[in-house]
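Structure first, commentary second.
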Amino acid sequence: MIKNTILFAAVLLSIGLLFSGVSAQVTVKNKQLKNLAGNWDGELEYLDYQNDKSKTRLKLRSINTFKDGKVSQQIVYVEPNGKEIKSAGAFALSPDGRQIVEEKMKWTITKNLFDKKAKTRTIVYEAKWKDNDRNADLRETMVIGENEFSVTKEVRYENTADFFVRNTHRYKRK
């Protein structure tokens, strides 16, 4: 009888731990994003939308600002022919720190880890959206270091099992 009671209590405890992990919500604080500010050089590697196989690399540079909890980015992409294409974007954290909010999208933050040895912070955030005019799960992984950062975008189309890397931005501080 005591053995059954202990077993039952252990099962209940395990179930409780399982559900508490599922309901735990990941947050990010503004101070964890401040290192994105600065002048950066880098490259973009992306998978061609025409065939989802060919990879292209472009040089880029970026000026990032961090003000009032908002990260703004001015990017210049250098096409293979030397033509420069300017782009801009911005995002902020939701007031509770559980989402990354862009103009048209809200991403749910699913991981926020700091690697003490490498001195890098990895933030993963996800959303349902479209990619190449198809419904998809999107996942971005941002890795922030002292003098470098990267953002990798992964896509999983509706009714498929696996994610694939759509693009990666890699930057080094100037």
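Following the order of the structure tokens, first chain is A, next is B, and so on, with residues numbered from 1 inside each chain and ligands from 1 in the order they appear.
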Proximity of range 101-143 of chain A to range 151-169 of chain A: per-residue shortest pair, 12 Å limit, only C-alpha atoms, as a Markdown table:
| residue | atom | partner | partner_atom | distance |
| --- | --- | --- | --- | --- |
| A:Arg121 | CA | A:Val151 | CA | 11.8 |
| A:Thr122 | CA | A:Val151 | CA | 9.8 |
| A:Ile123 | CA | A:Val151 | CA | 9.4 |
| A:Val124 | CA | A:Thr152 | CA | 9.5 |
| A:Tyr125 | CA | A:Lys153 | CA | 9.8 |
| A:Glu126 | CA | A:Glu154 | CA | 9.4 |
| A:Ala127 | CA | A:Val155 | CA | 10.0 |
| A:Lys128 | CA | A:Glu158 | CA | 9.6 |
| A:Trp129 | CA | A:Val155 | CA | 9.6 |
| A:Lys130 | CA | A:Tyr157 | CA | 8.5 |
| A:Asp131 | CA | A:Val155 | CA | 7.4 |
| A:Asn132 | CA | A:Tyr157 | CA | 9.6 |
| A:Asp133 | CA | A:Tyr157 | CA | 10.2 |
| A:Arg134 | CA | A:Tyr157 | CA | 6.8 |
| A:Asn135 | CA | A:Glu158 | CA | 5.6 |
| A:Ala136 | CA | A:Tyr157 | CA | 4.2 |
| A:Asp137 | CA | A:Arg156 | CA | 5.1 |
| A:Leu138 | CA | A:Val155 | CA | 4.8 |
| A:Arg139 | CA | A:Glu154 | CA | 5.1 |
| A:Glu140 | CA | A:Lys153 | CA | 4.4 |
| A:Thr141 | CA | A:Thr152 | CA | 5.2 |
| A:Met142 | CA | A:Val151 | CA | 4.4 |
| A:Val143 | CA | A:Val151 | CA | 6.6 |
Q: Please report, as number ranges by chain, each residue of chain A to which DSSP assigns strand (DSSP E) when run on this structure's backbone.
A: A: 38-47, 55-67, 70-78, 84-93, 99-101, 106-115, 120-131, 134-144, 148-157, 164-173
Enumerate, in order of chain and increasing residue number, the residues of range 66-160 of chain A with an atom no farther than 10 Å from range 23-40 of chain A, each with its shortest atom pair and distance in Å to one decimal, counting only C-alpha atoms, as a Markdown table.
| residue | atom | partner | partner_atom | distance |
| --- | --- | --- | --- | --- |
| A:Phe66 | CA | A:Ala37 | CA | 5.6 |
| A:Lys67 | CA | A:Lys34 | CA | 8.9 |
| A:Asp68 | CA | A:Asn30 | CA | 9.0 |
| A:Gly69 | CA | A:Asn30 | CA | 5.8 |
| A:Lys70 | CA | A:Asn30 | CA | 8.4 |
| A:Val71 | CA | A:Ala37 | CA | 7.6 |
| A:Ser72 | CA | A:Ala37 | CA | 8.5 |
| A:Gln73 | CA | A:Ala37 | CA | 8.7 |
| A:Gln74 | CA | A:Asn39 | CA | 9.7 |
| A:Ile75 | CA | A:Trp40 | CA | 9.3 |
| A:Ala92 | CA | A:Asn30 | CA | 8.4 |
| A:Leu93 | CA | A:Asn30 | CA | 7.2 |
| A:Ser94 | CA | A:Val28 | CA | 9.4 |
| A:Pro95 | CA | A:Lys29 | CA | 9.6 |
| A:Asp96 | CA | A:Thr27 | CA | 7.4 |
| A:Gly97 | CA | A:Thr27 | CA | 4.8 |
| A:Arg98 | CA | A:Thr27 | CA | 4.6 |
| A:Gln99 | CA | A:Thr27 | CA | 7.6 |
| A:Ile100 | CA | A:Val28 | CA | 8.9 |
| A:Thr108 | CA | A:Val26 | CA | 8.7 |
| A:Ile109 | CA | A:Val26 | CA | 6.0 |
| A:Thr110 | CA | A:Val26 | CA | 5.8 |
| A:Lys111 | CA | A:Val26 | CA | 6.1 |
| A:Asn112 | CA | A:Val28 | CA | 6.7 |
| A:Leu113 | CA | A:Val28 | CA | 9.7 |
| A:Phe114 | CA | A:Gln32 | CA | 9.7 |
| A:Arg121 | CA | A:Gln32 | CA | 7.9 |
| A:Ile123 | CA | A:Val28 | CA | 8.1 |
| A:Val124 | CA | A:Val26 | CA | 9.7 |
| A:Tyr125 | CA | A:Val26 | CA | 9.8 |
| A:Ile144 | CA | A:Leu36 | CA | 7.2 |
| A:Gly145 | CA | A:Asn35 | CA | 7.6 |
| A:Glu146 | CA | A:Asn35 | CA | 6.8 |
| A:Asn147 | CA | A:Asn35 | CA | 8.4 |
| A:Glu148 | CA | A:Trp40 | CA | 8.2 |
| A:Phe149 | CA | A:Leu36 | CA | 7.5 |
Requested write-out: N, CA and C atoms of the selected residues, as a compact mmCIF listing (two decimals), in the first residue's frame:
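After the write, out30.txt holds the following:
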# COMPACT_ATOMS: atom_id res chain seq x y z
N PHE A 66 19.60 51.70 -30.61
CA PHE A 66 18.74 51.17 -29.56
C PHE A 66 18.29 52.36 -28.73
N LYS A 67 17.00 52.68 -28.81
CA LYS A 67 16.48 53.84 -28.10
C LYS A 67 15.07 53.56 -27.62
N ASP A 68 14.83 53.86 -26.37
CA ASP A 68 13.50 53.68 -25.77
C ASP A 68 12.97 52.27 -25.99
N GLY A 69 13.84 51.26 -25.89
CA GLY A 69 13.42 49.87 -26.02
C GLY A 69 13.19 49.41 -27.44
N LYS A 70 13.60 50.21 -28.43
CA LYS A 70 13.38 49.87 -29.84
C LYS A 70 14.73 49.72 -30.54
N VAL A 71 14.88 48.61 -31.27
CA VAL A 71 16.07 48.39 -32.08
C VAL A 71 15.71 48.78 -33.51
N SER A 72 16.43 49.75 -34.07
CA SER A 72 16.24 50.18 -35.46
C SER A 72 17.49 49.82 -36.24
N GLN A 73 17.29 49.39 -37.49
CA GLN A 73 18.40 48.94 -38.30
C GLN A 73 18.31 49.55 -39.69
N GLN A 74 19.41 50.16 -40.13
CA GLN A 74 19.56 50.68 -41.49
C GLN A 74 20.58 49.77 -42.18
N ILE A 75 20.15 49.02 -43.18
CA ILE A 75 21.02 48.03 -43.82
C ILE A 75 21.28 48.44 -45.27
N ALA A 92 10.71 45.87 -31.34
CA ALA A 92 10.74 46.15 -29.91
C ALA A 92 10.18 44.94 -29.19
N LEU A 93 10.44 44.89 -27.91
CA LEU A 93 9.84 43.84 -27.10
C LEU A 93 8.44 44.27 -26.68
N SER A 94 7.56 43.30 -26.53
CA SER A 94 6.24 43.59 -25.96
C SER A 94 6.46 44.03 -24.50
N PRO A 95 5.49 44.73 -23.90
CA PRO A 95 5.67 45.19 -22.52
C PRO A 95 6.02 44.08 -21.53
N ASP A 96 5.52 42.86 -21.76
CA ASP A 96 5.84 41.76 -20.84
C ASP A 96 7.11 41.01 -21.22
N GLY A 97 7.76 41.40 -22.34
CA GLY A 97 9.01 40.77 -22.75
C GLY A 97 8.86 39.39 -23.35
N ARG A 98 7.65 38.98 -23.67
CA ARG A 98 7.41 37.63 -24.19
C ARG A 98 7.34 37.56 -25.71
N GLN A 99 7.32 38.73 -26.35
CA GLN A 99 7.22 38.76 -27.81
C GLN A 99 8.17 39.80 -28.38
N ILE A 100 8.60 39.54 -29.60
CA ILE A 100 9.30 40.53 -30.40
C ILE A 100 8.26 41.06 -31.38
N THR A 108 6.66 35.01 -30.91
CA THR A 108 6.69 34.51 -29.54
C THR A 108 8.10 34.04 -29.21
N ILE A 109 8.64 34.55 -28.13
CA ILE A 109 9.99 34.16 -27.70
C ILE A 109 9.91 32.78 -27.05
N THR A 110 10.71 31.85 -27.54
CA THR A 110 10.68 30.47 -27.03
C THR A 110 11.94 30.07 -26.28
N LYS A 111 13.05 30.81 -26.48
CA LYS A 111 14.30 30.53 -25.75
C LYS A 111 15.05 31.83 -25.52
N ASN A 112 15.70 31.89 -24.37
CA ASN A 112 16.61 32.99 -24.05
C ASN A 112 17.69 32.40 -23.17
N LEU A 113 18.84 32.13 -23.77
CA LEU A 113 19.93 31.46 -23.06
C LEU A 113 21.20 32.29 -23.14
N PHE A 114 21.96 32.32 -22.04
CA PHE A 114 23.26 33.00 -22.04
C PHE A 114 24.34 31.97 -21.82
N ARG A 121 24.45 35.50 -26.10
CA ARG A 121 23.05 35.30 -25.75
C ARG A 121 22.34 34.78 -26.99
N ILE A 123 18.64 33.99 -28.53
CA ILE A 123 17.21 34.24 -28.39
C ILE A 123 16.53 33.61 -29.59
N VAL A 124 15.55 32.74 -29.32
CA VAL A 124 14.79 32.08 -30.38
C VAL A 124 13.35 32.58 -30.29
N TYR A 125 12.78 32.91 -31.45
CA TYR A 125 11.40 33.40 -31.48
C TYR A 125 10.71 32.83 -32.71
N ILE A 144 23.74 36.94 -29.99
CA ILE A 144 24.35 38.24 -29.75
C ILE A 144 25.61 38.06 -28.92
N GLY A 145 26.73 38.49 -29.48
CA GLY A 145 27.99 38.49 -28.76
C GLY A 145 28.46 39.91 -28.56
N GLU A 146 29.65 40.06 -28.00
CA GLU A 146 30.17 41.39 -27.74
C GLU A 146 30.50 42.13 -29.04
N ASN A 147 31.10 41.42 -30.01
CA ASN A 147 31.53 42.05 -31.25
C ASN A 147 30.97 41.38 -32.49
N GLU A 148 29.96 40.56 -32.33
CA GLU A 148 29.30 39.93 -33.47
C GLU A 148 27.88 39.54 -33.10
N PHE A 149 27.07 39.43 -34.12
CA PHE A 149 25.73 38.86 -33.92
C PHE A 149 25.26 38.27 -35.23
**Q.** All helix (DSSP H, G or I) residues (DSSP, backbone) inside range 31-68 of chain A, as a PyMOL selection string
**A.** chain A and resi 31-32+34-36
Need to verify the contact set: range 77-85 of chain A, 7 Å, only C-alpha atoms, exclusion of same-chain residues closer than 5 positions in sequence. Can you return it as a PDB file with N, CA and C atoms, in the first residue's frame?
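Generated output (result.pdb):
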ATOM      1  N   LEU A  58      25.609  37.908 -50.099  1.00  0.00           N
ATOM      2  CA  LEU A  58      25.763  39.325 -50.359  1.00  0.00           C
ATOM      3  C   LEU A  58      26.504  39.970 -49.195  1.00  0.00           C
ATOM      4  N   LYS A  59      27.386  40.886 -49.491  1.00  0.00           N
ATOM      5  CA  LYS A  59      28.010  41.684 -48.434  1.00  0.00           C
ATOM      6  C   LYS A  59      26.975  42.700 -47.970  1.00  0.00           C
ATOM      7  N   LEU A  60      27.081  43.091 -46.706  1.00  0.00           N
ATOM      8  CA  LEU A  60      26.166  44.092 -46.182  1.00  0.00           C
ATOM      9  C   LEU A  60      26.827  44.876 -45.075  1.00  0.00           C
ATOM     10  N   ARG A  61      26.239  45.998 -44.778  1.00  0.00           N
ATOM     11  CA  ARG A  61      26.647  46.781 -43.615  1.00  0.00           C
ATOM     12  C   ARG A  61      25.379  47.325 -42.968  1.00  0.00           C
TER      13      ARG A  61
END
Q: Can you work out the spacing between CA of Lys117 in chain A and CA of Glu43 in chain A in Å, to one decimal?
A: 25.3 Å
Q. Can you tell me how far CA of Lys172 in chain A sits from CA of Asp41 in chain A, in Å to one decimal?
A. 5.5 Å
Q) So what do you get for CA of Lys53 in chain A versus CA of Lys106 in chain A, distance-wise? A)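 About the pair CA of Lys53 in chain A and CA of Lys106 in chain A: they are 28.2 Å apart.
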